[in-house]
Amino acid sequence: MSTKDFIEKDFYKVLGVPKDATEAEIKKAYRKLAREFHPDANKGNAKAEERFKEISEANDVLGDPKKRKEYDEARALFGNGGFRPGPGAGGGSFNFDLGDLFGGGAQGGQGSGGFGGGIGDVFGGLFNRGGAGTTRTQPRRGQDIDTEVTLSFTEAIEGATVPLRMSSQSPCKACSGTGDKNGTPRVCPTCVGTGQVARGSGGGFSLTDPCPDCKGRGLMAEHPCMECKGSGRAKSSRTMQVRIPAGVTDNQRIRLRGKGAPGERGGPAGDLYVTVHVDAHPVFGRRDDNLTVTVPVTFAEAALGGEVRVPTLGGPPVTLKLPPGTPNGRTMRARGKGAVRKDGTRGDLLVTVEVSVPKDLTGKARDALEAYREATAGEDPRAELFQAAKGA
């Protein structure tokens with residue numbers, strides 16, 4: 001805010017106190033108004049936020065005896081805040097004559113024995129920035145939160161709503177987010193409420209950093225709250241129901257917008273990042289968007305062919321046709337029985353055949369296998385293996 005704007009503002013009127021108000025009366029008036037118009041108590045109310053800024057500005061000046069004295073003198077000098085136009089000024093311009101102030105020494109430029117600085121230099125001690133800055137406490141976005149959740153295999157495939165208990169920084173309840181145990185913070189004198197300070201980077205450019213004194217809040221507490229140590233933020237825990245989408249994979253990180261820590265001074269909430277861990281399933285596995293399962297079959301089924309029933313995840317079994325002569329380890333596909341994709345469709349169920357070898361045979365089964373062995377005695381399934389080994 002410019003020096004002109006500061007002088008023209010009636011801070012006594014902003015706080016609703018007379019010009020001869022005592023320090024105690026000013027403090028009491030500010031405390032009452034600050035509680036009424038604090039952004040944390042008026043979320044989304046732009047008018048209340050602007051009113052809070054005006055109240056904080058007024059208290060920053062009137063609450064400091066030295067600043068108040070300089071402010072009163074400046075307003076008395078310029079006719080209660082009205083700049084007097086200099087010679088030839090018109091159309092509402094404010095080209096006042098510094099000679100009126102310093103006895104004819106200069107006309108805004110540097111002359112012999114004259115005053116070479118601008119008006120910002122005159123009141124720089126009052127406004128901290130020499131009239132070049134803008135007093136504005138900006139909304140602050142809430143912090144992002146990282147958390148983890150463990151799902152069953154089925155929950156990961158189908159999606160689930162799970163309760164998550166999270167800890168984050170939120171407005172301190174003891175001081176209503178003001179940082180001051182009396183609820184009366186003041187505008188930071190270092191950054192004049194902006195939460196940022198400028199630093200030179202060479203080449204005529206400047207960069208901004210968070211204010212080191214107020215940590216970017218724009219406000220400082222004269223009487224720091226014991227709970228939050230004057231920061232206005234305190235650790236709080238909450239439990240919320242979070243929907244985990246279908247088809248998530250193990251160690252996948254999900255971003256949920258606006259589900260993080262609450263913002264400050266009407267700022268938006270941060271985001272919630274959830275890292276998902278998925279428990280193994282005793283029957284099914286996963287390969288990308290496909291599920292996998294190993295199904296045992298008898299030697300007769302593999303040799304002669306037939307139909308086999310295959311379990312699915314969360315649904316009825318499906319029947320697959322096994323071709324005659326199916327080798328051990330062959331994989332077949334049951335379409336649409338896999339994991340949910342991003343577009344809502346499903347992958348497939350990959351069924352791997354495993355020929356089961358019985359440990360104990362009954363008399364008839366043993367006799368049948370003995371007869372089979374005699375019938376195939378001239379066949380050597382390993383002949384091609386040895387032939388390939390010799391040629392290698």
# chains A, B, ... in the order shown; residues from 1 in each chain; ligands from 1
>>> closest_atom_pairs(of="region 147-255 of chain A", to="region 16-27 of chain A", cutoff="12 Å", atoms="only C-alpha atoms", output="JSON lines")
{"residue": "A:Asn182", "atom": "CA", "partner": "A:Lys27", "partner_atom": "CA", "distance": 10.3}
{"residue": "A:Gly183", "atom": "CA", "partner": "A:Lys27", "partner_atom": "CA", "distance": 10.8}
{"residue": "A:Thr184", "atom": "CA", "partner": "A:Lys27", "partner_atom": "CA", "distance": 8.1}
{"residue": "A:Pro185", "atom": "CA", "partner": "A:Lys27", "partner_atom": "CA", "distance": 10.5}
{"residue": "A:Arg186", "atom": "CA", "partner": "A:Lys27", "partner_atom": "CA", "distance": 10.6}
{"residue": "A:Glu222", "atom": "CA", "partner": "A:Lys27", "partner_atom": "CA", "distance": 11.6}
>>> closest_residue(among="A:Glu370, A:Glu57, A:Glu354, A:Glu227", to="Ala174 (chain A)", atoms="only C-alpha atoms")
A:Glu227
>>> select_by_dssp(residues="region 157-308 of chain A", states="helix (DSSP H, G or I)", output="ChimeraX atom specification")
/A:157-158,299-304
>>> closest_atom_pairs(of="region 339-390 of chain A", to="region 303-312 of chain A", cutoff="10 Å", atoms="only C-alpha atoms", output="Markdown table")
| residue | atom | partner | partner_atom | distance |
| --- | --- | --- | --- | --- |
| A:Leu349 | CA | A:Thr312 | CA | 7.8 |
| A:Val351 | CA | A:Val310 | CA | 8.0 |
| A:Val355 | CA | A:Ala303 | CA | 9.8 |
>>> write_last_selection(atoms="N, CA, C and O atoms", output="tab-separated table (two decimals), in the first residue's frame")
chain	number	residue	atom	x	y	z
A	349	LEU	N	-8.52	-63.49	-17.49
A	349	LEU	CA	-8.02	-64.46	-16.53
A	349	LEU	C	-7.14	-65.46	-17.28
A	349	LEU	O	-7.62	-66.15	-18.18
A	351	VAL	N	-5.24	-68.79	-17.42
A	351	VAL	CA	-5.33	-70.09	-16.74
A	351	VAL	C	-4.18	-70.98	-17.20
A	351	VAL	O	-4.09	-71.32	-18.38
A	355	VAL	N	-0.43	-80.50	-14.92
A	355	VAL	CA	-0.81	-81.90	-14.89
A	355	VAL	C	-0.48	-82.48	-13.52
A	355	VAL	O	0.66	-82.40	-13.05
>>> closest_residue(among="A:Gln387, A:Ser56, A:Thr294, A:Asn328", to="Gly193 (chain A)", atoms="only C-alpha atoms")
A:Ser56
>>> select_by_dssp(residues="region 246-370 of chain A", states="strand (DSSP E or B)", output="ChimeraX atom specification")
/A:252-256,264,272-278,285-287,290-297,306-310,318-322,331-334,340,346,349-355
